[in-house]
Amino acid sequence: MGVVVLTLATSLFITAPLWFVLGSRLQLSEDERQNEMLNFAAYFLGTLPLSFVLIFFGIGG
C-alpha cells in the first residue's frame, strides 16, 4: 500500500512542474478549463511508469 501512495505522490510531484513548463499542449477538449485538467491528467498518467520505477528501485535497490 505504501508503494502505491509513494508512486502516486512522486508522479504528482513530477507532473506539476512538467505541466507548468509545458502547459496545455494537447488539444483534448474545446473547453479551455476542461482541456487544462485533461492535459494534467494525461501528464499524470504518463509519469506513473517513471514514478513506479523510481520508487521500486529506490526502495528495493
# chains A, B, ... in the order shown; residues from 1 in each chain; ligands from 1

$ select_by_dssp --residues "chain A" --states "helix (DSSP H, G or I)" --output "PyMOL selection string"
chain A and resi 2-22+32-60

$ residues_around --residues "region 13-28 of chain A" --least-positions-apart "5" --cutoff "8 Å" --atoms "only C-alpha atoms" --output "number ranges by chain"
A: 35-36, 38-40, 43-44, 47

$ write_last_selection --atoms "C-alpha atoms" --output "short mmCIF file (atom, residue, chain, number, x, y, z; two decimals), in the first residue's frame"
data_model
loop_
_atom_site.label_atom_id
_atom_site.label_comp_id
_atom_site.auth_asym_id
_atom_site.auth_seq_id
_atom_site.Cartn_x
_atom_site.Cartn_y
_atom_site.Cartn_z
CA ASN A 35 -8.61 20.93 -21.61
CA GLU A 36 -6.17 22.03 -18.89
CA LEU A 38 -7.30 16.68 -19.18
CA ASN A 39 -3.74 17.71 -20.03
CA PHE A 40 -2.77 17.48 -16.36
CA TYR A 43 0.79 14.13 -17.91
CA PHE A 44 0.00 12.40 -14.60
CA THR A 47 4.61 9.93 -15.43
#

$ residues_around --residues "Phe52 (chain A)" --least-positions-apart "2" --cutoff "12 Å" --atoms "only C-alpha atoms" --output "list in words"
Gly2, Val3, Val4, Val5, Leu6, Thr7, Leu8, Ala9, Thr10, Ser11, Leu12, Ile14, Leu45, Gly46, Thr47, Leu48, Pro49, Leu50, Leu54, Ile55, Phe56, Phe57, Gly58, Ile59 and Gly60 of chain A
